[in-house]
Structure formats: C-alpha cells, structure tokens
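*Asks:* What follows is upload_15.csv, CSV, N, CA and C atoms.
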chain,number,residue,atom,x,y,z
A,1,MET,N,0.8,-1.2,0.0
A,1,MET,CA,0.0,0.0,0.0
A,1,MET,C,0.9,1.2,0.0
A,2,SER,N,0.5,2.3,-0.7
A,2,SER,CA,1.3,3.4,-0.8
A,2,SER,C,1.2,4.3,0.5
A,3,GLU,N,2.2,5.1,0.6
A,3,GLU,CA,2.3,6.0,1.8
A,3,GLU,C,1.1,6.9,1.8
A,4,LYS,N,0.7,7.4,0.7
A,4,LYS,CA,-0.4,8.3,0.6
A,4,LYS,C,-1.7,7.7,1.0
A,5,ASN,N,-1.9,6.4,0.7
A,5,ASN,CA,-3.1,5.7,1.0
A,5,ASN,C,-3.1,5.4,2.5
A,6,ILE,N,-2.0,5.0,3.1
A,6,ILE,CA,-1.8,4.7,4.5
A,6,ILE,C,-2.2,6.0,5.3
A,7,SER,N,-1.7,7.1,4.9
A,7,SER,CA,-2.0,8.4,5.6
A,7,SER,C,-3.5,8.7,5.5
A,8,ARG,N,-4.1,8.4,4.4
A,8,ARG,CA,-5.6,8.7,4.2
A,8,ARG,C,-6.4,7.8,5.2
A,9,ILE,N,-6.0,6.5,5.3
A,9,ILE,CA,-6.7,5.6,6.1
A,9,ILE,C,-6.5,6.0,7.6
A,10,ARG,N,-5.3,6.4,8.0
A,10,ARG,CA,-5.1,6.9,9.3
A,10,ARG,C,-6.0,8.1,9.7
A,11,ARG,N,-6.1,9.0,8.8
A,11,ARG,CA,-6.9,10.2,9.0
A,11,ARG,C,-8.4,9.8,9.1
A,12,ALA,N,-8.8,8.8,8.3
A,12,ALA,CA,-10.2,8.3,8.3
A,12,ALA,C,-10.5,7.7,9.6
A,13,LYS,N,-9.6,6.8,10.2
A,13,LYS,CA,-9.9,6.2,11.4
A,13,LYS,C,-10.0,7.2,12.6
A,14,LYS,N,-9.2,8.2,12.5
A,14,LYS,CA,-9.2,9.2,13.6
A,14,LYS,C,-10.5,10.0,13.6
A,15,THR,N,-11.0,10.3,12.4
A,15,THR,CA,-12.3,11.1,12.3
A,15,THR,C,-13.5,10.2,12.7
A,16,ARG,N,-13.4,8.9,12.3
A,16,ARG,CA,-14.5,8.0,12.5
A,16,ARG,C,-14.7,7.7,14.0
A,17,MET,N,-13.6,7.8,14.8
A,17,MET,CA,-13.8,7.7,16.2
A,17,MET,C,-14.6,8.8,16.8
A,18,LYS,N,-14.4,10.0,16.3
A,18,LYS,CA,-15.1,11.2,16.8
A,18,LYS,C,-16.6,11.2,16.3
A,19,ILE,N,-16.7,10.6,15.1
A,19,ILE,CA,-18.1,10.6,14.5
A,19,ILE,C,-18.9,9.6,15.3
A,20,ARG,N,-18.3,8.5,15.7
A,20,ARG,CA,-19.1,7.4,16.4
A,20,ARG,C,-19.6,8.0,17.7
A,21,GLU,N,-19.0,8.9,18.4
A,21,GLU,CA,-19.4,9.5,19.6
A,21,GLU,C,-20.7,10.3,19.4
A,22,GLN,N,-21.0,10.8,18.2
A,22,GLN,CA,-22.2,11.7,18.0
A,22,GLN,C,-23.5,10.9,17.9
A,23,GLU,N,-23.4,9.6,17.6
A,23,GLU,CA,-24.6,8.8,17.5
A,23,GLU,C,-25.6,9.3,16.5
A,24,VAL,N,-25.2,9.7,15.3
A,24,VAL,CA,-26.0,10.2,14.2
A,24,VAL,C,-25.6,9.4,13.0
A,25,PRO,N,-26.5,9.1,12.1
A,25,PRO,CA,-26.1,8.3,10.9
A,25,PRO,C,-24.9,9.0,10.2
A,26,ARG,N,-24.1,8.1,9.6
A,26,ARG,CA,-22.8,8.6,8.9
A,26,ARG,C,-22.9,8.4,7.4
A,27,LEU,N,-22.6,9.5,6.7
A,27,LEU,CA,-22.6,9.5,5.2
A,27,LEU,C,-21.1,9.3,4.8
A,28,SER,N,-20.8,8.2,4.3
A,28,SER,CA,-19.4,7.8,4.0
A,28,SER,C,-19.2,7.8,2.5
A,29,VAL,N,-18.0,8.3,2.1
A,29,VAL,CA,-17.6,8.5,0.7
A,29,VAL,C,-16.4,7.6,0.4
A,30,TYR,N,-16.4,7.0,-0.8
A,30,TYR,CA,-15.2,6.4,-1.3
A,30,TYR,C,-15.1,6.7,-2.8
A,31,ARG,N,-13.9,7.1,-3.2
A,31,ARG,CA,-13.7,7.4,-4.6
A,31,ARG,C,-12.5,6.5,-5.1
A,32,SER,N,-12.8,5.9,-6.2
A,32,SER,CA,-11.7,5.1,-6.8
A,32,SER,C,-11.3,5.9,-8.1
A,33,SER,N,-10.4,5.4,-8.8
A,33,SER,CA,-10.0,6.1,-10.0
A,33,SER,C,-11.1,6.2,-11.1
A,34,LYS,N,-12.0,5.2,-11.1
A,34,LYS,CA,-13.0,5.2,-12.1
A,34,LYS,C,-14.4,5.5,-11.6
A,35,ASN,N,-14.7,5.2,-10.3
A,35,ASN,CA,-16.1,5.4,-9.8
A,35,ASN,C,-16.1,6.1,-8.5
A,36,PHE,N,-17.3,6.4,-8.1
A,36,PHE,CA,-17.6,7.2,-6.8
A,36,PHE,C,-18.7,6.5,-6.1
A,37,TYR,N,-18.5,6.2,-4.8
A,37,TYR,CA,-19.5,5.5,-4.0
A,37,TYR,C,-19.8,6.3,-2.8
A,38,VAL,N,-21.1,6.2,-2.4
A,38,VAL,CA,-21.6,6.9,-1.2
A,38,VAL,C,-22.5,5.9,-0.4
A,39,GLN,N,-22.3,5.8,0.9
A,39,GLN,CA,-23.2,4.9,1.7
A,39,GLN,C,-23.6,5.7,3.0
A,40,LEU,N,-24.8,5.4,3.4
A,40,LEU,CA,-25.3,6.0,4.6
A,40,LEU,C,-25.5,4.9,5.6
A,41,PHE,N,-24.7,4.9,6.7
A,41,PHE,CA,-24.6,3.9,7.8
A,41,PHE,C,-25.4,4.4,9.0
A,42,ASP,N,-25.9,3.4,9.8
A,42,ASP,CA,-26.5,3.8,11.1
A,42,ASP,C,-25.4,4.3,12.0
A,43,SER,N,-25.7,4.7,13.2
A,43,SER,CA,-24.8,5.4,14.1
A,43,SER,C,-23.7,4.4,14.5
A,44,LEU,N,-23.9,3.1,14.6
A,44,LEU,CA,-22.9,2.2,15.0
A,44,LEU,C,-22.0,1.7,13.8
A,45,GLY,N,-22.5,2.0,12.6
A,45,GLY,CA,-21.7,1.6,11.4
A,45,GLY,C,-21.9,0.1,11.0
A,46,SER,N,-22.9,-0.5,11.5
A,46,SER,CA,-23.1,-1.9,11.2
A,46,SER,C,-24.2,-2.2,10.2
A,47,LYS,N,-25.0,-1.2,9.9
A,47,LYS,CA,-26.1,-1.4,8.9
A,47,LYS,C,-26.1,-0.3,7.9
A,48,VAL,N,-26.2,-0.7,6.6
A,48,VAL,CA,-26.3,0.3,5.5
A,48,VAL,C,-27.7,0.7,5.3
A,49,ILE,N,-28.0,2.0,5.4
A,49,ILE,CA,-29.4,2.5,5.3
A,49,ILE,C,-29.7,2.8,3.8
A,50,ALA,N,-28.8,3.5,3.2
A,50,ALA,CA,-28.9,3.8,1.7
A,50,ALA,C,-27.6,3.9,1.1
A,51,SER,N,-27.6,3.7,-0.2
A,51,SER,CA,-26.3,3.8,-0.9
A,51,SER,C,-26.5,4.3,-2.4
A,52,ALA,N,-25.5,4.8,-3.0
A,52,ALA,CA,-25.6,5.3,-4.3
A,52,ALA,C,-24.1,5.3,-4.9
A,53,SER,N,-24.1,5.1,-6.2
A,53,SER,CA,-22.7,5.0,-6.9
A,53,SER,C,-22.9,5.4,-8.3
A,54,THR,N,-21.7,5.6,-9.0
A,54,THR,CA,-21.7,6.0,-10.4
A,54,THR,C,-21.9,4.7,-11.3
A,55,ILE,N,-21.8,3.5,-10.7
A,55,ILE,CA,-21.9,2.3,-11.5
A,55,ILE,C,-23.4,1.8,-11.6
A,56,GLU,N,-24.3,2.5,-11.0
A,56,GLU,CA,-25.7,2.1,-11.1
A,56,GLU,C,-26.2,2.3,-12.5
A,57,LYS,N,-27.2,1.6,-12.9
A,57,LYS,CA,-27.8,1.7,-14.2
A,57,LYS,C,-28.5,3.0,-14.5
A,58,GLU,N,-29.1,3.5,-13.4
A,58,GLU,CA,-29.9,4.8,-13.6
A,58,GLU,C,-29.0,6.0,-13.4
A,59,ALA,N,-27.7,5.9,-13.2
A,59,ALA,CA,-26.8,7.0,-13.0
A,59,ALA,C,-26.7,7.9,-14.3
A,60,LYS,N,-26.8,9.2,-14.1
A,60,LYS,CA,-26.8,10.1,-15.3
A,60,LYS,C,-25.5,10.0,-16.0
A,61,SER,N,-24.4,10.2,-15.2
A,61,SER,CA,-23.1,10.2,-15.9
A,61,SER,C,-22.3,9.0,-15.2
A,62,LYS,N,-21.6,8.3,-16.0
A,62,LYS,CA,-20.8,7.1,-15.6
A,62,LYS,C,-19.4,7.5,-15.3
A,63,ASN,N,-19.1,8.8,-15.3
A,63,ASN,CA,-17.7,9.2,-15.1
A,63,ASN,C,-17.4,9.5,-13.6
A,64,ASN,N,-16.2,9.8,-13.3
A,64,ASN,CA,-15.8,10.1,-12.0
A,64,ASN,C,-15.4,11.5,-12.0
A,65,ASN,N,-16.3,12.5,-12.2
A,65,ASN,CA,-16.0,13.9,-12.2
A,65,ASN,C,-16.9,14.7,-11.3
A,66,VAL,N,-16.8,16.0,-11.3
A,66,VAL,CA,-17.5,16.8,-10.4
A,66,VAL,C,-19.0,16.8,-10.7
A,67,GLU,N,-19.4,16.7,-11.9
A,67,GLU,CA,-20.8,16.7,-12.3
A,67,GLU,C,-21.5,15.4,-11.8
A,68,SER,N,-20.8,14.3,-11.9
A,68,SER,CA,-21.3,13.0,-11.4
A,68,SER,C,-21.4,13.0,-9.9
A,69,ALA,N,-20.5,13.7,-9.2
A,69,ALA,CA,-20.5,13.8,-7.7
A,69,ALA,C,-21.7,14.6,-7.3
A,70,LYS,N,-22.0,15.7,-8.0
A,70,LYS,CA,-23.2,16.5,-7.7
A,70,LYS,C,-24.5,15.6,-7.9
A,71,ASP,N,-24.6,14.9,-8.9
A,71,ASP,CA,-25.7,14.0,-9.1
A,71,ASP,C,-25.8,13.0,-8.0
A,72,LEU,N,-24.7,12.4,-7.6
A,72,LEU,CA,-24.7,11.4,-6.6
A,72,LEU,C,-25.1,12.0,-5.2
A,73,GLY,N,-24.7,13.3,-4.9
A,73,GLY,CA,-25.1,13.9,-3.7
A,73,GLY,C,-26.7,14.1,-3.7
A,74,LYS,N,-27.3,14.5,-4.8
A,74,LYS,CA,-28.7,14.6,-4.8
A,74,LYS,C,-29.4,13.3,-4.6
A,75,LYS,N,-28.8,12.3,-5.3
A,75,LYS,CA,-29.5,10.9,-5.2
A,75,LYS,C,-29.4,10.4,-3.8
A,76,ILE,N,-28.3,10.5,-3.1
A,76,ILE,CA,-28.2,10.0,-1.7
A,76,ILE,C,-29.0,10.8,-0.8
A,77,ALA,N,-29.2,12.1,-1.0
A,77,ALA,CA,-30.1,12.9,-0.1
A,77,ALA,C,-31.5,12.5,-0.3
A,78,GLU,N,-31.9,12.2,-1.5
A,78,GLU,CA,-33.3,11.7,-1.8
A,78,GLU,C,-33.6,10.4,-1.1
A,79,ARG,N,-32.6,9.5,-1.2
A,79,ARG,CA,-32.8,8.2,-0.6
A,79,ARG,C,-32.8,8.3,1.0
A,80,ALA,N,-32.0,9.2,1.5
A,80,ALA,CA,-32.0,9.3,3.0
A,80,ALA,C,-33.3,9.9,3.5
A,81,LEU,N,-33.8,10.9,2.7
A,81,LEU,CA,-35.1,11.5,3.1
A,81,LEU,C,-36.2,10.5,3.0
A,82,GLU,N,-36.1,9.6,2.1
A,82,GLU,CA,-37.2,8.6,1.9
A,82,GLU,C,-37.2,7.6,3.2
A,83,ASN,N,-36.0,7.4,3.7
A,83,ASN,CA,-35.9,6.6,4.9
A,83,ASN,C,-36.1,7.4,6.2
A,84,GLY,N,-36.4,8.6,6.1
A,84,GLY,CA,-36.7,9.4,7.3
A,84,GLY,C,-35.5,10.0,8.0
A,85,ILE,N,-34.4,10.1,7.3
A,85,ILE,CA,-33.1,10.6,7.9
A,85,ILE,C,-32.9,12.0,7.3
A,86,LYS,N,-32.8,13.0,8.2
A,86,LYS,CA,-32.6,14.4,7.7
A,86,LYS,C,-31.2,14.9,8.2
A,87,LYS,N,-30.7,14.4,9.3
A,87,LYS,CA,-29.5,14.9,9.9
A,87,LYS,C,-28.4,13.8,9.8
A,88,VAL,N,-27.3,14.0,9.2
A,88,VAL,CA,-26.2,13.1,9.1
A,88,VAL,C,-24.9,13.7,9.5
A,89,VAL,N,-23.8,12.9,9.7
A,89,VAL,CA,-22.5,13.3,9.9
A,89,VAL,C,-21.7,12.9,8.6
A,90,PHE,N,-20.9,13.9,8.0
A,90,PHE,CA,-20.2,13.6,6.8
A,90,PHE,C,-18.9,13.0,7.1
A,91,ASP,N,-18.7,11.8,6.6
A,91,ASP,CA,-17.4,11.1,6.7
A,91,ASP,C,-16.7,11.1,5.4
A,92,ARG,N,-15.7,11.9,5.2
A,92,ARG,CA,-15.0,12.1,4.0
A,92,ARG,C,-13.9,11.1,3.7
A,93,SER,N,-13.8,10.1,4.7
A,93,SER,CA,-12.9,9.0,4.6
A,93,SER,C,-11.4,9.4,4.4
A,94,GLY,N,-11.0,10.5,5.0
A,94,GLY,CA,-9.6,10.9,4.9
A,94,GLY,C,-9.3,11.7,3.7
A,95,TYR,N,-10.2,11.9,2.8
A,95,TYR,CA,-9.9,12.7,1.5
A,95,TYR,C,-10.0,14.2,1.9
A,96,LYS,N,-9.3,15.0,1.1
A,96,LYS,CA,-9.3,16.4,1.3
A,96,LYS,C,-10.7,16.9,0.9
A,97,TYR,N,-11.2,18.0,1.6
A,97,TYR,CA,-12.5,18.5,1.3
A,97,TYR,C,-12.4,19.5,0.2
A,98,HIS,N,-12.3,19.1,-1.0
A,98,HIS,CA,-12.3,19.9,-2.2
A,98,HIS,C,-12.6,19.1,-3.4
A,99,GLY,N,-12.9,19.7,-4.5
A,99,GLY,CA,-13.2,19.0,-5.8
A,99,GLY,C,-14.5,18.2,-5.7
A,100,ARG,N,-14.4,16.9,-6.0
A,100,ARG,CA,-15.5,16.0,-6.0
A,100,ARG,C,-16.2,15.8,-4.6
A,101,ILE,N,-15.4,15.7,-3.6
A,101,ILE,CA,-15.9,15.5,-2.2
A,101,ILE,C,-16.7,16.7,-1.8
A,102,LYS,N,-16.2,17.9,-2.1
A,102,LYS,CA,-17.0,19.2,-1.8
A,102,LYS,C,-18.2,19.3,-2.6
A,103,ALA,N,-18.2,18.9,-3.9
A,103,ALA,CA,-19.3,19.0,-4.8
A,103,ALA,C,-20.4,18.0,-4.3
A,104,LEU,N,-20.1,16.9,-3.9
A,104,LEU,CA,-21.0,15.9,-3.3
A,104,LEU,C,-21.7,16.4,-2.1
A,105,ALA,N,-20.9,17.0,-1.1
A,105,ALA,CA,-21.4,17.5,0.1
A,105,ALA,C,-22.3,18.7,-0.1
A,106,ASP,N,-22.0,19.6,-1.0
A,106,ASP,CA,-22.8,20.8,-1.3
A,106,ASP,C,-24.1,20.4,-1.9
A,107,SER,N,-24.1,19.4,-2.8
A,107,SER,CA,-25.4,19.1,-3.5
A,107,SER,C,-26.3,18.3,-2.5
A,108,ALA,N,-25.7,17.5,-1.6
A,108,ALA,CA,-26.5,16.8,-0.6
A,108,ALA,C,-27.1,17.8,0.3
A,109,ARG,N,-26.4,18.9,0.7
A,109,ARG,CA,-27.0,19.9,1.6
A,109,ARG,C,-28.1,20.6,0.8
A,110,GLU,N,-27.9,20.9,-0.4
A,110,GLU,CA,-29.0,21.6,-1.2
A,110,GLU,C,-30.2,20.8,-1.4
A,111,ALA,N,-30.0,19.4,-1.4
A,111,ALA,CA,-31.2,18.5,-1.6
A,111,ALA,C,-31.9,18.3,-0.3
A,112,GLY,N,-31.4,18.8,0.9
A,112,GLY,CA,-32.2,18.7,2.1
A,112,GLY,C,-31.5,18.0,3.3
A,113,LEU,N,-30.3,17.5,3.1
A,113,LEU,CA,-29.6,16.9,4.3
A,113,LEU,C,-28.9,17.9,5.1
A,114,GLU,N,-28.9,17.7,6.4
A,114,GLU,CA,-28.2,18.6,7.3
A,114,GLU,C,-26.9,17.9,7.8
A,115,PHE,N,-25.8,18.6,7.7
A,115,PHE,CA,-24.5,18.1,8.2
A,115,PHE,C,-24.2,18.7,9.5
As a first step, turn the structure in this file into structure tokens.

*Replies:*
Amino acid sequence: MSEKNISRIRRAKKTRMKIREQEVPRLSVYRSSKNFYVQLFDSLGSKVIASASTIEKEAKSKNNNVESAKDLGKKIAERALENGIKKVVFDRSGYKYHGRIKALADSAREAGLEF
C-alpha cells in the first residue's frame, strides 16, 4: 500500500472515532480512479441504510468527475429523506475537502440533508 493511502486511512480512522461519539447516521464516501461511491450507515456503522454510486444503471453520468459527484449527492439525499433521515455526519474517509468531495457534500446539503 502506498504511503499516501496509508495516511488517508489513518486520517479516516481518527475522524470515525469522533463521528461514532455523536450517535448520528454517517454519510461515508469512497472514490476510486473510475467510480464514486456513497453509503449511509447507522450510528454504529453496522447497517447500511442507503447507498448510491456511479456504476448504477440509472446514473446520469458514468464518469468520476464533479458533475457526477453532484448528481450522486442529490441521489443519496433523496434516498436518505425517503428513509426518514434528515441529519447526518459527513465522513469524507480521509480525503481532502475539495473537488468531487466538496461537490457531493454541497449538493446533498442543497437537496435537504443537514450536516
């Protein structure tokens, strides 16, 4: 594993420990080189409540760019609101808060989720 990925995982573990104390559902993000994934976990992290990704059939854009991140943020917010969840904690998984991660978070906020 590369040093960059090890550092990202270390940052993610540190923030997840603080997130777990809040007892609010967690919106977790993972980005690969080709796709983008978002999952909504319960407060313990044991059950997936909702998920969305760019590899789904009904995804508007199959790319891993800012536009697809915006679409994904709207989609996960709709699915969370369908399940009765309005307030979540954003888990960026150790990624820097810019670009695709920021676009996803902003579009989820605009669609009705509270961070």

*Asks:* Atom N of Arg20 (chain A) and atom C of Gly45 (chain A) are how many Å apart?

*Replies:* 10.3 Å

*Asks:* Do you have the atom N of Ala103 (chain A)-atom C of Ser2 (chain A) distance handy?

*Replies:*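 These atoms are spaced 24.7 Å apart.
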
*Asks:* Within 7 Å of region 109-111 of chain A, counting only N, CA and C atoms, which residues show up once you throw out same-chain ones fewer than 5 positions away? Write them as a PyMOL selection string, please.

*Replies:* chain A and resi 73-74+77-78+104

*Asks:* Could you write out the selected residues, including N, CA and C atoms, as a compact mmCIF listing (two decimals), in the frame of the given file?

*Replies:*
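Output contents, as saved in again-v4.txt:
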# COMPACT_ATOMS: atom_id res chain seq x y z
N GLY A 73 -24.70 13.30 -4.90
CA GLY A 73 -25.10 13.90 -3.70
C GLY A 73 -26.70 14.10 -3.70
N LYS A 74 -27.30 14.50 -4.80
CA LYS A 74 -28.70 14.60 -4.80
C LYS A 74 -29.40 13.30 -4.60
N ALA A 77 -29.20 12.10 -1.00
CA ALA A 77 -30.10 12.90 -0.10
C ALA A 77 -31.50 12.50 -0.30
N GLU A 78 -31.90 12.20 -1.50
CA GLU A 78 -33.30 11.70 -1.80
C GLU A 78 -33.60 10.40 -1.10
N LEU A 104 -20.10 16.90 -3.90
CA LEU A 104 -21.00 15.90 -3.30
C LEU A 104 -21.70 16.40 -2.10

*Asks:* Skipping near chain neighbours, those fewer than 5 positions away, what residues fall within 7 Å of Arg10 (chain A) using all atoms listed in the file, listed as number ranges by chain?

*Replies:* A: 5, 15, 94

*Asks:* Determine, counting all atoms listed in the file, which protein, DNA and RNA residues have an atom within 5 Å of an atom of Val29 (chain A); residues of the same chain fewer than 3 positions away are not included. Present the result as a VMD selection string.

*Replies:* chain A and resid 37 to 38 91

*Asks:* Please, could you write that set of residues out with N, CA and C atoms as an mmCIF file, in the coordinates of the input?

*Replies:*
data_model
loop_
_atom_site.group_PDB
_atom_site.id
_atom_site.type_symbol
_atom_site.label_atom_id
_atom_site.label_comp_id
_atom_site.auth_asym_id
_atom_site.auth_seq_id
_atom_site.Cartn_x
_atom_site.Cartn_y
_atom_site.Cartn_z
ATOM 1 N N TYR A 37 -18.500 6.200 -4.800
ATOM 2 C CA TYR A 37 -19.500 5.500 -4.000
ATOM 3 C C TYR A 37 -19.800 6.300 -2.800
ATOM 4 N N VAL A 38 -21.100 6.200 -2.400
ATOM 5 C CA VAL A 38 -21.600 6.900 -1.200
ATOM 6 C C VAL A 38 -22.500 5.900 -0.400
ATOM 7 N N ASP A 91 -18.700 11.800 6.600
ATOM 8 C CA ASP A 91 -17.400 11.100 6.700
ATOM 9 C C ASP A 91 -16.700 11.100 5.400
#

*Asks:* Identify all residues of chain A in strand (DSSP E) (DSSP on the backbone) and supply them as a PyMOL selection string.

*Replies:* chain A and resi 26-31+36-41+48-53+89-91

*Asks:* Using all atoms listed in the file, find the one residue out of A:Met17, A:Ala69, A:Ala108, A:Ala59 that sits nearest to Phe36 (chain A).

*Replies:* A:Ala69

*Asks:* Would you pick out the contacts of region 82-86 of chain A at 7 Å or less, using all atoms listed in the file, so that residues sharing its chain but fewer than 3 positions from it are not included, and give the list as a list of chain:residue names?

*Replies:*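 So the residues in contact are A:Ala77, A:Glu78, A:Arg79, A:Gly112, A:Leu113, A:Glu114, A:Phe115.
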
*Asks:* For Gln22 (chain A), work out the shell of residues within 12 Å, counting only C-alpha atoms and skipping chain neighbours fewer than 3 positions away, then give it as a list in words.

*Replies:*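 The filter keeps Thr15, Arg16, Met17, Lys18, Ile19, Pro25, Arg26, Asp42, Ser43, Leu44, Lys87, Val88, Val89, Phe90 and Phe115 of chain A.
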
*Asks:* Quick one: DSSP helix (DSSP H, G or I) residues in chain A, as a compact mmCIF listing (two decimals) with N, CA and C atoms, in the coordinates of the input?

*Replies:*
# COMPACT_ATOMS: atom_id res chain seq x y z
N GLU A 3 2.20 5.10 0.60
CA GLU A 3 2.30 6.00 1.80
C GLU A 3 1.10 6.90 1.80
N LYS A 4 0.70 7.40 0.70
CA LYS A 4 -0.40 8.30 0.60
C LYS A 4 -1.70 7.70 1.00
N ASN A 5 -1.90 6.40 0.70
CA ASN A 5 -3.10 5.70 1.00
C ASN A 5 -3.10 5.40 2.50
N ILE A 6 -2.00 5.00 3.10
CA ILE A 6 -1.80 4.70 4.50
C ILE A 6 -2.20 6.00 5.30
N SER A 7 -1.70 7.10 4.90
CA SER A 7 -2.00 8.40 5.60
C SER A 7 -3.50 8.70 5.50
N ARG A 8 -4.10 8.40 4.40
CA ARG A 8 -5.60 8.70 4.20
C ARG A 8 -6.40 7.80 5.20
N ILE A 9 -6.00 6.50 5.30
CA ILE A 9 -6.70 5.60 6.10
C ILE A 9 -6.50 6.00 7.60
N ARG A 10 -5.30 6.40 8.00
CA ARG A 10 -5.10 6.90 9.30
C ARG A 10 -6.00 8.10 9.70
N ARG A 11 -6.10 9.00 8.80
CA ARG A 11 -6.90 10.20 9.00
C ARG A 11 -8.40 9.80 9.10
N ALA A 12 -8.80 8.80 8.30
CA ALA A 12 -10.20 8.30 8.30
C ALA A 12 -10.50 7.70 9.60
N LYS A 13 -9.60 6.80 10.20
CA LYS A 13 -9.90 6.20 11.40
C LYS A 13 -10.00 7.20 12.60
N LYS A 14 -9.20 8.20 12.50
CA LYS A 14 -9.20 9.20 13.60
C LYS A 14 -10.50 10.00 13.60
N THR A 15 -11.00 10.30 12.40
CA THR A 15 -12.30 11.10 12.30
C THR A 15 -13.50 10.20 12.70
N ARG A 16 -13.40 8.90 12.30
CA ARG A 16 -14.50 8.00 12.50
C ARG A 16 -14.70 7.70 14.00
N MET A 17 -13.60 7.80 14.80
CA MET A 17 -13.80 7.70 16.20
C MET A 17 -14.60 8.80 16.80
N LYS A 18 -14.40 10.00 16.30
CA LYS A 18 -15.10 11.20 16.80
C LYS A 18 -16.60 11.20 16.30
N ILE A 19 -16.70 10.60 15.10
CA ILE A 19 -18.10 10.60 14.50
C ILE A 19 -18.90 9.60 15.30
N ARG A 20 -18.30 8.50 15.70
CA ARG A 20 -19.10 7.40 16.40
C ARG A 20 -19.60 8.00 17.70
N GLU A 21 -19.00 8.90 18.40
CA GLU A 21 -19.40 9.50 19.60
C GLU A 21 -20.70 10.30 19.40
N GLN A 22 -21.00 10.80 18.20
CA GLN A 22 -22.20 11.70 18.00
C GLN A 22 -23.50 10.90 17.90
N VAL A 66 -16.80 16.00 -11.30
CA VAL A 66 -17.50 16.80 -10.40
C VAL A 66 -19.00 16.80 -10.70
N GLU A 67 -19.40 16.70 -11.90
CA GLU A 67 -20.80 16.70 -12.30
C GLU A 67 -21.50 15.40 -11.80
N SER A 68 -20.80 14.30 -11.90
CA SER A 68 -21.30 13.00 -11.40
C SER A 68 -21.40 13.00 -9.90
N ALA A 69 -20.50 13.70 -9.20
CA ALA A 69 -20.50 13.80 -7.70
C ALA A 69 -21.70 14.60 -7.30
N LYS A 70 -22.00 15.70 -8.00
CA LYS A 70 -23.20 16.50 -7.70
C LYS A 70 -24.50 15.60 -7.90
N ASP A 71 -24.60 14.90 -8.90
CA ASP A 71 -25.70 14.00 -9.10
C ASP A 71 -25.80 13.00 -8.00
N LEU A 72 -24.70 12.40 -7.60
CA LEU A 72 -24.70 11.40 -6.60
C LEU A 72 -25.10 12.00 -5.20
N GLY A 73 -24.70 13.30 -4.90
CA GLY A 73 -25.10 13.90 -3.70
C GLY A 73 -26.70 14.10 -3.70
N LYS A 74 -27.30 14.50 -4.80
CA LYS A 74 -28.70 14.60 -4.80
C LYS A 74 -29.40 13.30 -4.60
N LYS A 75 -28.80 12.30 -5.30
CA LYS A 75 -29.50 10.90 -5.20
C LYS A 75 -29.40 10.40 -3.80
N ILE A 76 -28.30 10.50 -3.10
CA ILE A 76 -28.20 10.00 -1.70
C ILE A 76 -29.00 10.80 -0.80
N ALA A 77 -29.20 12.10 -1.00
CA ALA A 77 -30.10 12.90 -0.10
C ALA A 77 -31.50 12.50 -0.30
N GLU A 78 -31.90 12.20 -1.50
CA GLU A 78 -33.30 11.70 -1.80
C GLU A 78 -33.60 10.40 -1.10
N ARG A 79 -32.60 9.50 -1.20
CA ARG A 79 -32.80 8.20 -0.60
C ARG A 79 -32.80 8.30 1.00
N ALA A 80 -32.00 9.20 1.50
CA ALA A 80 -32.00 9.30 3.00
C ALA A 80 -33.30 9.90 3.50
N LEU A 81 -33.80 10.90 2.70
CA LEU A 81 -35.10 11.50 3.10
C LEU A 81 -36.20 10.50 3.00
N GLU A 82 -36.10 9.60 2.10
CA GLU A 82 -37.20 8.60 1.90
C GLU A 82 -37.20 7.60 3.20
N ARG A 100 -14.40 16.90 -6.00
CA ARG A 100 -15.50 16.00 -6.00
C ARG A 100 -16.20 15.80 -4.60
N ILE A 101 -15.40 15.70 -3.60
CA ILE A 101 -15.90 15.50 -2.20
C ILE A 101 -16.70 16.70 -1.80
N LYS A 102 -16.20 17.90 -2.10
CA LYS A 102 -17.00 19.20 -1.80
C LYS A 102 -18.20 19.30 -2.60
N ALA A 103 -18.20 18.90 -3.90
CA ALA A 103 -19.30 19.00 -4.80
C ALA A 103 -20.40 18.00 -4.30
N LEU A 104 -20.10 16.90 -3.90
CA LEU A 104 -21.00 15.90 -3.30
C LEU A 104 -21.70 16.40 -2.10
N ALA A 105 -20.90 17.00 -1.10
CA ALA A 105 -21.40 17.50 0.10
C ALA A 105 -22.30 18.70 -0.10
N ASP A 106 -22.00 19.60 -1.00
CA ASP A 106 -22.80 20.80 -1.30
C ASP A 106 -24.10 20.40 -1.90
N SER A 107 -24.10 19.40 -2.80
CA SER A 107 -25.40 19.10 -3.50
C SER A 107 -26.30 18.30 -2.50
N ALA A 108 -25.70 17.50 -1.60
CA ALA A 108 -26.50 16.80 -0.60
C ALA A 108 -27.10 17.80 0.30
N ARG A 109 -26.40 18.90 0.70
CA ARG A 109 -27.00 19.90 1.60
C ARG A 109 -28.10 20.60 0.80
N GLU A 110 -27.90 20.90 -0.40
CA GLU A 110 -29.00 21.60 -1.20
C GLU A 110 -30.20 20.80 -1.40

*Asks:* Could you state the separation of atom N of Lys34 (chain A) and CA of Glu58 (chain A) in Å, given to one decimal place?

*Replies:*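 Calculated distance between atom N of Lys34 (chain A) and CA of Glu58 (chain A) is 18.1 Å.
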